[in-house]
Amino acid sequence: MNRAARVHNPTAVFAIMLLVLVATVAASLCIGSGALSLDRLFATLSGHGTSKENLVLFSIRMPRLAVTLLAGMALALSGAILQSLTRNDLADPGVIGINAGAGAAISAFFLFFPFDPQTFAYALPLVAFGGALATAFLLYLFSYSRATGLQPVKLVLVGVGFALALSGLMIVLISSADYRKVDFIAKWLAGNIWGTDWPFVWALLPWLVVLLPYTLYKSSALNLLAMDETVAVGTGVSVNRDRLLLLGVAVALAAAAVSVTGGIAFVGLMAPHIAKAIVGRRHQSSVPLAMLMGGWLLLLADTVGRNLVEPAGIPAGIMVALIGGPYFLYLLLKKSP
Amino acid sequence: MGGSRRPKFLVLGIVASVAALAVMFSLAMLLGAKEISLRELWLVLAGGGGSDDTIAMLREIRYPRETAAVLVGAALAVAGAIMQGLTRNPLADPGLLGLTAGANAALALAVAVLPGLNYFGITLVCFAGAALGMFLVLGIGALKKGGLSPFRIVLAGSAVSAFLYAVADGIGLLFKTSKDMTMWTSGGLIGTTWGQVQALGPVIAGSLLAAAALSRPLTILSLNEEAAVGLGLRTATVKTILYILIILLAGAAVALVGNMAFVGLMIPHMVRARFGTDYRAVIPMSAVWGATFMLLADTLGRTMYAPFETPVVAIIAVLGLPFFLFVVRKGVKSLS
């Protein structure tokens, strides 16, 4: 199979992807209960909207859009790093249980603190990071053996087990609490984007602003790590240190994203994979494209889901799973040796 | 290995297991949000007089509920045991290979589209859904030349399950029937009535007996398919019947309690460690141990934060993980 021939020019692909993204953003801002027409959208954006239009746009739709985009990007970035580190196309923070670890930590947090997500917007990503990091550590521990190293399939399998059990743990923890919290966890598990206010945007943004450039800076190390351990060592990559650091970055990104969006799997699986198929495996171009793709996918899922059923909508996590499940199967069949 | 155990130990093990089940059943009846005395329990079980509230409560709420726990635990454990034998996959489990998710999705559709469906109809729908889920997963496994490895089958199962659960959730939200669905799926054994037990009890009991009757051919099949043919076994017929039994058992379990992973995985492995790999022992003992385990989990769920209930699904998921990890770690040598 001649891969190199099918790789497209990254610049052109980026231009197209940006256009698609902007169009989706505009559509997402316009559509919904209390619809805005396109020209009213521009009028409101330039400061000529009625107070109702201002409310809908700036207090309801914009923060939700920003959170969705950022979370999608973070998940895609996390998935891209995980797939390269484990040399496994099936890796995804949701599938391997890192999201559930973050969720369990958040549940435990709400058990001991008054239930008020707004106040804790900035603490949530940190709490989630703690839980996700602990889970990642356990995953590594259980899927690593001295004789064979880190086995990709085993990692995913152990992760599936962890995801099941930690979702269960979340319910056990929360069912000792009052019913509002139970409701919250049920929605969280379904992947409902709940942090739809500006504080959540500000809580999520710094993580991405810091960690994205770092990942890009590490692109060449990722290129080598994704190939073969011996190659990476031979070219002078300090394999263990870089792997641990990048693993930490991936976990942090996933944790930050799911702390405001709930358990969303498969975005981190699909986005990097599609990106690699289009622009090739060089991380310098595939990582940024994967990020755009991830933001776009989640935004699309949320926009469609939000408008499919009145008034509550279908959680983005469900929409993503409807597309992602079959995609995962496709990868499983195509890639298995 | 286990086959060489002396018969005395075997008998002892069986007696101890049945005794443990009886003790656990009594405990499950005794413990709960409302404490009761042994005398009252005896009155209920013996069916003798007594008409006060406690006894009515026991007879109408706890008794059917714990009976259902016994049935479901036995059904899931035996379904898991048969699956593991047939697919020679140590990780086979109705929850992991898409059966419960399929039954769940079918249930969601039935609740949304045919709201007037009676209990019998719902059960049939669950069977159909379980069959669909299983064939999806095993079919996808068969698409690959040479078949997928046991590990990858589980991954395919998790993807199919994720998809089917999303379908179920989506249907629930679209038709605004999520509430009714939750009642079925995450309610566990809450509110199980005699009507439900009477409708599904015979199905489960019959399937269990049939499974026990087929345990000898299953043992041969689980070892080697060629040997089974050589011994004059009609493998196609036996396999078809066994697959139907799996569907009946898993479907009935979902109709009674909703989604449940890990029971079918754990119990048969524990039983094999104690009684060996002969399915003539594995099937009946899986039923007994599965029932005991389910009673334990349900009692924990009822008493941990009484008077509130912790969903039994969640408890089992947490208890099941260490076990799952153990099987993955052990199985990787021979089956990767």
# chains A, B, ... in the order shown; residues from 1 in each chain; ligands from 1
$ interface_residues --of "chain B" --to "chain A" --cutoff "8 Å" --atoms "only C-alpha atoms" --output "PyMOL selection string"
chain B and resi 140+143-144+148+151-152+154-156+158-160+162-163+166-167+169-170+173-174+305+308-311+313-321+324-325+328-329
$ select_by_dssp --residues "segment 136-219 of chain A" --states "strand (DSSP E)" --output "list of chain:residue names"
A:Tyr144, A:Ser145, A:Gly149, A:Leu150
$ residues_around --residues "Ile283 of chain B" --least-positions-apart "2" --cutoff "9 Å" --atoms "only C-alpha atoms" --output "NGL selection string"
:B and (77-78 or 81-82 or 208 or 211-212 or 215 or 268 or 271 or 278-281 or 285-288)
$ closest_residue --among "A:Ala316, A:Ala290, A:Leu155, A:Val22" --to "Lys276 of chain A" --atoms "only C-alpha atoms"
A:Ala290
$ atom_distance --atom1 "atom CA of Ser207 of chain B" --atom2 "atom CA of Leu189 of chain B"
20.8 Å
$ atom_distance --atom1 "atom CA of Val127 of chain A" --atom2 "atom CA of Ala186 of chain A"
19.1 Å
$ residues_around --residues "Gly294 of chain A" --least-positions-apart "6" --cutoff "10 Å" --atoms "only C-alpha atoms" --output "ChimeraX atom specification"
/A:68-77,79,266-272,274-275,288,300
$ residues_around --residues "Ala121 of chain A" --least-positions-apart "6" --cutoff "8 Å" --atoms "only C-alpha atoms" --output "PyMOL selection string"
chain A and resi 199-200+203
$ write_last_selection --atoms "N, CA and C atoms" --output "mmCIF file, in the first residue's frame"
data_model
loop_
_atom_site.group_PDB
_atom_site.id
_atom_site.type_symbol
_atom_site.label_atom_id
_atom_site.label_comp_id
_atom_site.auth_asym_id
_atom_site.auth_seq_id
_atom_site.Cartn_x
_atom_site.Cartn_y
_atom_site.Cartn_z
ATOM 1 N N PRO A 199 -16.981 30.738 33.290
ATOM 2 C CA PRO A 199 -15.905 30.231 34.164
ATOM 3 C C PRO A 199 -15.311 28.917 33.674
ATOM 4 N N PHE A 200 -16.149 28.057 33.098
ATOM 5 C CA PHE A 200 -15.649 26.769 32.628
ATOM 6 C C PHE A 200 -14.722 26.943 31.434
ATOM 7 N N ALA A 203 -11.549 27.956 32.821
ATOM 8 C CA ALA A 203 -10.909 26.855 33.533
ATOM 9 C C ALA A 203 -10.229 25.896 32.563
#
$ atom_distance --atom1 "atom CA of Phe9 of chain B" --atom2 "atom CA of His269 of chain B"
18.4 Å
$ closest_atom_pairs --of "segment 75-178 of chain B" --to "segment 195-198 of chain B" --cutoff "10 Å" --atoms "only C-alpha atoms" --output "JSON lines"
{"residue": "B:Tyr119", "atom": "CA", "partner": "B:Gln196", "partner_atom": "CA", "distance": 7.4}
{"residue": "B:Phe120", "atom": "CA", "partner": "B:Gln196", "partner_atom": "CA", "distance": 9.0}
{"residue": "B:Thr123", "atom": "CA", "partner": "B:Gln196", "partner_atom": "CA", "distance": 9.8}
$ write_last_selection --atoms "C-alpha atoms" --output "compact mmCIF listing (two decimals), in the first residue's frame"
# COMPACT_ATOMS: atom_id res chain seq x y z
CA TYR B 119 -44.36 -8.62 30.47
CA PHE B 120 -44.28 -11.63 28.22
CA THR B 123 -39.23 -10.75 27.63
